[in-house]
Amino acid sequence: MSAALFDLTPTEDQQMTQDMVRRFVADVMAPQARAADEAAALPAGFLDQVFELGFSFMPVPEDLGGAGEGRRPVSNVLLMENLAAGDLSMAVAALAPLSVINCLLDYGNRAQQERVFRVLNGSAFVPAALALHEPGVITDPRAPATTATKAGDGYVLQGTKSMVAFGPDARFILVTALLDDGVAAFLLDTDNETEGLSFQPEQYMGLRSLPLFQMTLDKVLLPATARLDEGFCIDGLLQRGRIAAAALATGTCQAVLDYVVPYVNERVAFGEPISNRQAVAFMVVDMATELEAMQLLNWRAAAQLEQGADCARAAYLAQRHASKYGMKIGTDGVQLFGGHGFIREHPLEMWYRNLRAVPLLGGLVLA
Amino acid sequence: MINLELPKHLQDLQTLLRQFSNDGLRPLSRKYDDLEPKELPEELGPLSELLAAGRKQRSANNSAADNTDAESPAVRNGTNLGTVVGAAELCWGDPALFLAMPAIGLGNAAVEAVATPEQKQQWGELYAAMAITEPGCGSDSAAIRTTATLDGDEWVINGEKIFVTDGYRCKQVVVWASLDTELGKAAIKSFLVPKGTPGMTVTRVEHKLGMRASDTAQIVFDNCRVPRANLLGDPEIAKTAEARKKAFGGVMQTFDNTRPAVAAQGIGTARAALDITEALLRERGVELAYNREYAQLSALENDLYDLETEYEGARLLVLKAAWMADNRLPNSKNASMCKAKAGRMVNTVTLKCVEICGQLGYSKTELLEKLARDSKIIDIYEGTQQIQQLIVARQVLGKSSSELK
């Protein structure tokens with residue numbers, strides 16, 4: 001397939017962006033994460049600070065007002081890892097509009113791109129979100145209960161979606177629905193299509209500072225131009241989500257590991273640091289090992305996607321690994337802190353709650 | 001530029017070795033597992049000559065273009081990556097026959113690293129086994145009791161070695177012995193002892209759970225004399241604690257490059273078990289599509305995806321450790337990480353494949369039960385999973401071996 005060499009070195013551009021994002025994470029995100037979780041609200045001004053960083057602007061073609069970098073799943077993954085190391089909830093909020101942009105770059109037509117990019121890359125942060133999840137157990141994004149029916153020139157959407165970031169504040173919402181016997185995607189503009197649309201705030205175990213809503217579509221009428229028709233493919237969309245989920249898990253797990261190592265080295269029991277015991281040290285080793293594996297699995301998927309290769313298997317495995325070991329790292333992080341991990345004094349219980357969301361994150365963010 | 005696909009020259013190598021494995025090794029798998037021969041399986045001589053010839057030709061053909069990248073000219077995909085890819089493919093064919101191939105072992109590597117051209121000439125064709133483990137020490141190789149004493153111009157070696165891979169079939173033994181057991185690690189040196197040297201006797205060949213095509217021997221040294229020059233490396237015992245640590249560290253560093261190669265055995269062996277299992281299940285309509293949600297999976301499919309995940313994670317850890325070595329990045333932590341992960345992965349995967357395939361998995365009709373027996377040692381030799389974790393732990397946590405025992 002490729003003549004390229006096996007290589008794990010980010011490009012110079014990627015390294016420069018990483019440095020910038022890491023500073024932002026250390027200065028802005030990490031210090032505010034706990035308070036935001038307590039308040040169940042994003043820190044004031046956070047989204048505008050995110051907007052200043054300009055990453056929604058990077059992939060957009062120059063003639064549509066962007067920097068013309070094009071689709072860069074690997075760069076997206078690095079960005080997602082770094083942001084999630086600061087805070088998962090804030091990272092998802094920051095990345096939701098970029099995810100809509102990525103989806104439109106892949107599956108939107110020129111007119112749809114023009115309409116959305118102009119607004120999302122205006123003068124301030126404009127919320128936008130994906131609506132892939134549906135409420136309940138045994139839901140299947142490849143066979144949504146939400147339906148679309150042709151009506152005249154347009155479509156009527158009927159159903160309920162869950163975990164819609166920003167809810168009524170999202171200017172654009174990307175909705176999937178069953179049309180005939182396939183899944184179709186529709187771009188909903190909440191400035192125009194409000195008839196039959198309603199939102200209810202949702203509360204979750206984690207992701208508390210991220211505003212999430214249930215969205216009810218009761219005979220919502222959409223114009224024909226709302227449908228994504230440039231080769232939209234639900235499996236492709238879900239692959240992009242899996243890669244994003246794994247990247248977000250990787251970043252969160254990195255935060256856990258970085259927090260755990262100094263603690264087990266300092267915490268004394270029976271006259272010596274607890275990390276002098278293999279039972280403790282080996283838990284840390286497993287964390288570090290699986291974190292590396294998680295990142296590599298996902299880098300492979302992202303690089304395949306970027307190269308236009310079939311990334312189905314790699315993305316699927318990356319997300320499975322991130323779901324399983326992300327949660328293991330989350331629970332072991334609390335375990336290593338003992339009772340101190342269980343109280344809100346430390347961020348471990350928050351990471352624990354957030355990491356349970358990994359299997360769901362692919363419905364909120366796209367690489 | 002981040003890319004985790006193998007370059008063309010390594011993909012070509014995979015294709016070539018896959019064919020070699022399929023046509024050359026697989027037909028012999030069952031035979032030599034049943035026989036558990038002392039002698040080298042007769043087909044392995046010509047087969048390894050074929051491999052060696054291929055290697056030679058490839059290195060002659062390998063233009064610089066294979067190893068460099070227009071985008072990142074500094075990146076190398078060299079010997080280490082080639083070695084793990086090759087080992088994995090051959091173990092896909094048969095891990096025991098791979099292990100039994102002459103001259104691929106640690107012994108040769110140790111001699112190649114330090115022997116002078118004259119010594120190589122004198123010792124002849126190199127087929128060297130490595131004798132480290134003793135009845136009283138395994139992972140704790142600093143505690144070996146075998147001694148070497150200088151008597152005139154000769155070393156006199158006394159002691160007992162066990163679990164020597166190739167010990168019966170080899171032409172030379174590289175034996176670890178202590179110049180002074182009071183001085184611990186720093187006094188341990190390795191010596192080359194040609195077969196037929198008086199005083200060195202193979203006293204036993206083991207019967208094993210798996211890897212039965214490969215011989216594992218016990219060797220006794222009873223006033224065994226070798227020339228002074230047969231000590232490999234530096235004969236001095238480091239004087240200070242610091243220097244001693246460094247000297248033994250040097251010995252152990254040899255393993256930084258070999259651990260990924262042994263981990264690669266786990267990768268190929270696991271892939272073999274997964275390929276057989278998935279082929280058998282495909283006949284019964286079970287197909288992995290890598291697109292369905294957790295709630296839509298059968299228990300069987302869920303298990304298979306789990307195994308594929310473990311496999312792929314371990315595989316990429318191995319490639320990373322080898323890539324780091326090729327690019328001169330310190331990889332001791334990653335070498336141990338990948339060995340720990342690949343060892344436990346291959347054991348989990350092969351055993352689970354037997355379970356998943358039920359009666360047929362357990363039966364000798366298929367190779368699954370054999371792979372599940374072969375796999376266990378990959379989690380043990382070249383440093384057990386637990387020793388690898390210890391190495392990783394000390395690095396991640398910044399601990400000395402006296403702090404984290």
# chains A, B, ... in the order shown; residues from 1 in each chain; ligands from 1
call {"tool": "interface_residues", "arguments": {"of": "chain A", "to": "chain B", "cutoff": "9 Å", "atoms": "only C-alpha atoms", "output": "PyMOL selection string"}}
result
chain A and resi 1-12+74+137-142+235+238-239+261-262+264-265+275-278+281-282+284-286+288-290+292-294+296-297+299-304+312-318+320-321
call {"tool": "residues_around", "arguments": {"residues": "Met130 of chain B", "least_positions_apart": "4", "cutoff": "6 Å", "atoms": "only C-alpha atoms", "output": "JSON, numbers by chain"}}
result
{"B": [107, 173, 174]}
call {"tool": "atom_distance", "arguments": {"atom1": "atom CA of Asp275 of chain B", "atom2": "atom CA of Asp34 of chain B"}}
result
22.5 Å
call {"tool": "closest_residue", "arguments": {"among": "B:Glu112, B:Glu89, B:Glu287, B:Asp256", "to": "Asn22 of chain B", "atoms": "only C-alpha atoms"}}
result
B:Glu89
call {"tool": "closest_residue", "arguments": {"among": "A:Gly54, A:Ala39, A:Ala367, A:Ala93", "to": "Ala244 of chain A", "atoms": "only C-alpha atoms"}}
result
A:Ala367
call {"tool": "select_by_dssp", "arguments": {"residues": "segment 52-241 of chain A", "states": "strand (DSSP E or B)", "output": "ChimeraX atom specification"}}
result
/A:128-131,133,147-151,154-165,172-179,182-189,197-202,212-222,227
call {"tool": "select_by_dssp", "arguments": {"residues": "segment 29-139 of chain B", "states": "helix (DSSP H, G or I)", "output": "VMD selection string"}}
result
chain B and resid 29 to 35 44 to 61 64 to 67 79 to 93 95 to 100 106 to 114 117 to 123
call {"tool": "write_last_selection", "arguments": {"atoms": "C-alpha atoms", "output": "PDB file, in the first residue's frame"}}
result
ATOM      1  CA  SER B  29       4.789 -29.256  12.726  1.00  0.00           C
ATOM      2  CA  ARG B  30       2.938 -32.299  13.902  1.00  0.00           C
ATOM      3  CA  LYS B  31       5.692 -34.747  13.058  1.00  0.00           C
ATOM      4  CA  TYR B  32       8.345 -33.180  15.236  1.00  0.00           C
ATOM      5  CA  ASP B  33       5.971 -32.288  18.014  1.00  0.00           C
ATOM      6  CA  ASP B  34       5.160 -36.000  18.234  1.00  0.00           C
ATOM      7  CA  LEU B  35       8.772 -37.163  17.877  1.00  0.00           C
ATOM      8  CA  LEU B  44      15.731 -27.857   9.092  1.00  0.00           C
ATOM      9  CA  GLY B  45      19.311 -27.821   7.814  1.00  0.00           C
ATOM     10  CA  PRO B  46      18.390 -27.150   4.174  1.00  0.00           C
ATOM     11  CA  LEU B  47      15.510 -24.900   5.206  1.00  0.00           C
ATOM     12  CA  SER B  48      17.713 -22.634   7.278  1.00  0.00           C
ATOM     13  CA  GLU B  49      20.313 -22.559   4.501  1.00  0.00           C
ATOM     14  CA  LEU B  50      17.561 -21.386   2.195  1.00  0.00           C
ATOM     15  CA  LEU B  51      16.674 -18.653   4.672  1.00  0.00           C
ATOM     16  CA  ALA B  52      20.286 -17.602   5.085  1.00  0.00           C
ATOM     17  CA  ALA B  53      20.722 -17.388   1.309  1.00  0.00           C
ATOM     18  CA  GLY B  54      17.606 -15.246   1.063  1.00  0.00           C
ATOM     19  CA  ARG B  55      18.889 -12.979   3.801  1.00  0.00           C
ATOM     20  CA  LYS B  56      22.185 -12.523   2.029  1.00  0.00           C
ATOM     21  CA  GLN B  57      20.535 -11.726  -1.257  1.00  0.00           C
ATOM     22  CA  ARG B  58      18.173  -9.257   0.330  1.00  0.00           C
ATOM     23  CA  SER B  59      20.930  -7.372   2.066  1.00  0.00           C
ATOM     24  CA  ALA B  60      22.801  -7.185  -1.253  1.00  0.00           C
ATOM     25  CA  ASN B  61      19.689  -5.918  -3.018  1.00  0.00           C
ATOM     26  CA  ALA B  64      19.346   2.831   0.528  1.00  0.00           C
ATOM     27  CA  ALA B  65      15.914   3.650  -0.827  1.00  0.00           C
ATOM     28  CA  ASP B  66      14.415   0.864   1.249  1.00  0.00           C
ATOM     29  CA  ASN B  67      15.554   2.346   4.483  1.00  0.00           C
ATOM     30  CA  THR B  79      17.734  -4.811  11.189  1.00  0.00           C
ATOM     31  CA  ASN B  80      15.695  -4.752  14.365  1.00  0.00           C
ATOM     32  CA  LEU B  81      12.386  -4.205  12.627  1.00  0.00           C
ATOM     33  CA  GLY B  82      13.336  -6.774   9.999  1.00  0.00           C
ATOM     34  CA  THR B  83      14.208  -9.281  12.711  1.00  0.00           C
ATOM     35  CA  VAL B  84      10.898  -9.009  14.549  1.00  0.00           C
ATOM     36  CA  VAL B  85       8.907  -9.139  11.348  1.00  0.00           C
ATOM     37  CA  GLY B  86      10.853 -12.190  10.198  1.00  0.00           C
ATOM     38  CA  ALA B  87      10.633 -14.002  13.532  1.00  0.00           C
ATOM     39  CA  ALA B  88       6.889 -13.440  13.692  1.00  0.00           C
ATOM     40  CA  GLU B  89       6.328 -14.842  10.210  1.00  0.00           C
ATOM     41  CA  LEU B  90       8.442 -17.934  10.846  1.00  0.00           C
ATOM     42  CA  CYS B  91       6.667 -18.555  14.153  1.00  0.00           C
ATOM     43  CA  TRP B  92       3.393 -18.299  12.292  1.00  0.00           C
ATOM     44  CA  GLY B  93       4.743 -21.336  10.462  1.00  0.00           C
ATOM     45  CA  PRO B  95       7.319 -21.619  16.783  1.00  0.00           C
ATOM     46  CA  ALA B  96       9.089 -24.821  17.808  1.00  0.00           C
ATOM     47  CA  LEU B  97      10.754 -25.352  14.431  1.00  0.00           C
ATOM     48  CA  PHE B  98      11.725 -21.694  14.411  1.00  0.00           C
ATOM     49  CA  LEU B  99      13.349 -22.091  17.806  1.00  0.00           C
ATOM     50  CA  ALA B 100      15.128 -25.196  16.567  1.00  0.00           C
ATOM     51  CA  LEU B 106      21.491 -15.837  21.703  1.00  0.00           C
ATOM     52  CA  GLY B 107      24.760 -17.756  21.749  1.00  0.00           C
ATOM     53  CA  ASN B 108      25.642 -16.738  18.215  1.00  0.00           C
ATOM     54  CA  ALA B 109      24.734 -13.144  18.894  1.00  0.00           C
ATOM     55  CA  ALA B 110      26.969 -13.081  21.965  1.00  0.00           C
ATOM     56  CA  VAL B 111      29.941 -14.488  20.070  1.00  0.00           C
ATOM     57  CA  GLU B 112      29.427 -12.311  16.995  1.00  0.00           C
ATOM     58  CA  ALA B 113      29.462  -9.258  19.234  1.00  0.00           C
ATOM     59  CA  VAL B 114      32.910  -9.800  20.741  1.00  0.00           C
ATOM     60  CA  PRO B 117      38.291 -12.668  13.355  1.00  0.00           C
ATOM     61  CA  GLU B 118      40.996 -15.169  14.390  1.00  0.00           C
ATOM     62  CA  GLN B 119      38.726 -16.681  17.027  1.00  0.00           C
ATOM     63  CA  LYS B 120      35.861 -16.976  14.583  1.00  0.00           C
ATOM     64  CA  GLN B 121      38.192 -18.742  12.173  1.00  0.00           C
ATOM     65  CA  GLN B 122      39.420 -21.069  14.891  1.00  0.00           C
ATOM     66  CA  TRP B 123      35.960 -21.904  16.244  1.00  0.00           C
TER      67      TRP B 123
END
call {"tool": "closest_residue", "arguments": {"among": "B:Ile162, B:Ala299, B:Ser363, B:Lys208", "to": "Cys137 of chain B", "atoms": "only C-alpha atoms"}}
result
B:Ile162
call {"tool": "closest_residue", "arguments": {"among": "A:Leu197, A:Leu207, A:Ala184, A:Leu336", "to": "Leu257 of chain A", "atoms": "only C-alpha atoms"}}
result
A:Leu336
call {"tool": "residues_around", "arguments": {"residues": "segment 138-142 of chain B", "least_positions_apart": "4", "cutoff": "10 Å", "atoms": "only C-alpha atoms", "output": "ChimeraX atom specification"}}
result
/B:132-134,162-163,176-178,181,183-188,248,252,380-384,386-387
call {"tool": "closest_residue", "arguments": {"among": "A:Ala151, A:Leu104, A:Leu355, A:Ala26", "to": "Leu248 of chain A", "atoms": "only C-alpha atoms"}}
result
A:Leu355
call {"tool": "residues_around", "arguments": {"residues": "Met327 of chain A", "least_positions_apart": "5", "cutoff": "9 Å", "atoms": "only C-alpha atoms", "output": "JSON, numbers by chain"}}
result
{"A": [249, 253, 322, 332, 352, 353, 354, 355, 356, 357, 358]}
call {"tool": "write_last_selection", "arguments": {"atoms": "C-alpha atoms", "output": "PDB file, in the first residue's frame"}}
result
ATOM      1  CA  ALA A 249      -9.220   7.883  26.351  1.00  0.00           C
ATOM      2  CA  CYS A 253      -5.277   7.828  30.891  1.00  0.00           C
ATOM      3  CA  ALA A 322      -9.535   2.098  24.887  1.00  0.00           C
ATOM      4  CA  ASP A 332      -6.685   1.200  39.148  1.00  0.00           C
ATOM      5  CA  TYR A 352     -12.946   7.168  36.883  1.00  0.00           C
ATOM      6  CA  ARG A 353     -16.397   8.573  36.100  1.00  0.00           C
ATOM      7  CA  ASN A 354     -15.238  10.124  32.842  1.00  0.00           C
ATOM      8  CA  LEU A 355     -13.438   7.035  31.585  1.00  0.00           C
ATOM      9  CA  ARG A 356     -16.628   5.009  31.792  1.00  0.00           C
ATOM     10  CA  ALA A 357     -17.828   7.223  28.925  1.00  0.00           C
ATOM     11  CA  VAL A 358     -15.179   6.038  26.455  1.00  0.00           C
TER      12      VAL A 358
END
call {"tool": "residues_around", "arguments": {"residues": "Ile157 of chain B", "least_positions_apart": "4", "cutoff": "10 Å", "atoms": "only C-alpha atoms", "output": "NGL selection string"}}
result
:B and (146-150 or 175-179 or 191 or 193 or 199-200 or 220-226)
call {"tool": "write_last_selection", "arguments": {"atoms": "N, CA and C atoms", "output": "PDB file, in the first residue's frame"}}
result
ATOM      1  N   THR B 146      28.146 -21.494  38.938  1.00  0.00           N
ATOM      2  CA  THR B 146      29.194 -22.053  38.085  1.00  0.00           C
ATOM      3  C   THR B 146      30.425 -21.139  38.154  1.00  0.00           C
ATOM      4  N   THR B 147      31.612 -21.746  38.295  1.00  0.00           N
ATOM      5  CA  THR B 147      32.811 -20.934  38.464  1.00  0.00           C
ATOM      6  C   THR B 147      33.790 -21.142  37.318  1.00  0.00           C
ATOM      7  N   ALA B 148      34.622 -20.130  37.115  1.00  0.00           N
ATOM      8  CA  ALA B 148      35.733 -20.231  36.170  1.00  0.00           C
ATOM      9  C   ALA B 148      36.982 -19.733  36.894  1.00  0.00           C
ATOM     10  N   THR B 149      38.003 -20.572  36.931  1.00  0.00           N
ATOM     11  CA  THR B 149      39.240 -20.209  37.632  1.00  0.00           C
ATOM     12  C   THR B 149      40.387 -20.262  36.641  1.00  0.00           C
ATOM     13  N   LEU B 150      41.230 -19.239  36.684  1.00  0.00           N
ATOM     14  CA  LEU B 150      42.357 -19.210  35.768  1.00  0.00           C
ATOM     15  C   LEU B 150      43.466 -20.117  36.297  1.00  0.00           C
ATOM     16  N   VAL B 175      28.890 -20.233  28.015  1.00  0.00           N
ATOM     17  CA  VAL B 175      28.478 -20.503  29.392  1.00  0.00           C
ATOM     18  C   VAL B 175      28.796 -19.311  30.286  1.00  0.00           C
ATOM     19  N   TRP B 176      27.835 -18.971  31.126  1.00  0.00           N
ATOM     20  CA  TRP B 176      28.044 -17.895  32.090  1.00  0.00           C
ATOM     21  C   TRP B 176      28.619 -18.508  33.361  1.00  0.00           C
ATOM     22  N   ALA B 177      29.754 -17.940  33.800  1.00  0.00           N
ATOM     23  CA  ALA B 177      30.378 -18.444  35.025  1.00  0.00           C
ATOM     24  C   ALA B 177      30.957 -17.276  35.807  1.00  0.00           C
ATOM     25  N   SER B 178      31.133 -17.507  37.095  1.00  0.00           N
ATOM     26  CA  SER B 178      31.622 -16.441  37.949  1.00  0.00           C
ATOM     27  C   SER B 178      33.113 -16.613  38.217  1.00  0.00           C
ATOM     28  N   LEU B 179      33.842 -15.508  38.154  1.00  0.00           N
ATOM     29  CA  LEU B 179      35.267 -15.557  38.487  1.00  0.00           C
ATOM     30  C   LEU B 179      35.443 -15.543  40.002  1.00  0.00           C
ATOM     31  N   PHE B 191      31.960 -17.577  28.573  1.00  0.00           N
ATOM     32  CA  PHE B 191      33.066 -18.343  27.997  1.00  0.00           C
ATOM     33  C   PHE B 191      32.551 -19.194  26.864  1.00  0.00           C
ATOM     34  N   VAL B 193      32.775 -22.561  24.922  1.00  0.00           N
ATOM     35  CA  VAL B 193      33.296 -23.914  25.076  1.00  0.00           C
ATOM     36  C   VAL B 193      32.848 -24.749  23.870  1.00  0.00           C
ATOM     37  N   GLY B 199      35.462 -32.617  29.832  1.00  0.00           N
ATOM     38  CA  GLY B 199      34.924 -32.010  31.041  1.00  0.00           C
ATOM     39  C   GLY B 199      33.559 -31.384  30.839  1.00  0.00           C
ATOM     40  N   MET B 200      33.134 -31.175  29.588  1.00  0.00           N
ATOM     41  CA  MET B 200      31.764 -30.672  29.336  1.00  0.00           C
ATOM     42  C   MET B 200      30.911 -31.837  28.822  1.00  0.00           C
ATOM     43  N   VAL B 220      26.818 -30.453  32.241  1.00  0.00           N
ATOM     44  CA  VAL B 220      27.653 -30.413  33.442  1.00  0.00           C
ATOM     45  C   VAL B 220      29.093 -30.083  33.046  1.00  0.00           C
ATOM     46  N   PHE B 221      29.695 -29.184  33.805  1.00  0.00           N
ATOM     47  CA  PHE B 221      31.095 -28.808  33.598  1.00  0.00           C
ATOM     48  C   PHE B 221      31.909 -29.346  34.780  1.00  0.00           C
ATOM     49  N   ASP B 222      32.833 -30.237  34.476  1.00  0.00           N
ATOM     50  CA  ASP B 222      33.632 -30.847  35.534  1.00  0.00           C
ATOM     51  C   ASP B 222      35.105 -30.650  35.168  1.00  0.00           C
ATOM     52  N   ASN B 223      35.726 -29.641  35.794  1.00  0.00           N
ATOM     53  CA  ASN B 223      37.099 -29.273  35.447  1.00  0.00           C
ATOM     54  C   ASN B 223      37.294 -29.159  33.942  1.00  0.00           C
ATOM     55  N   CYS B 224      36.373 -28.442  33.337  1.00  0.00           N
ATOM     56  CA  CYS B 224      36.408 -28.257  31.888  1.00  0.00           C
ATOM     57  C   CYS B 224      37.350 -27.101  31.569  1.00  0.00           C
ATOM     58  N   ARG B 225      38.350 -27.375  30.729  1.00  0.00           N
ATOM     59  CA  ARG B 225      39.389 -26.367  30.457  1.00  0.00           C
ATOM     60  C   ARG B 225      39.240 -25.754  29.066  1.00  0.00           C
ATOM     61  N   VAL B 226      39.278 -24.412  29.008  1.00  0.00           N
ATOM     62  CA  VAL B 226      39.281 -23.726  27.712  1.00  0.00           C
ATOM     63  C   VAL B 226      40.407 -22.687  27.726  1.00  0.00           C
TER      64      VAL B 226
END
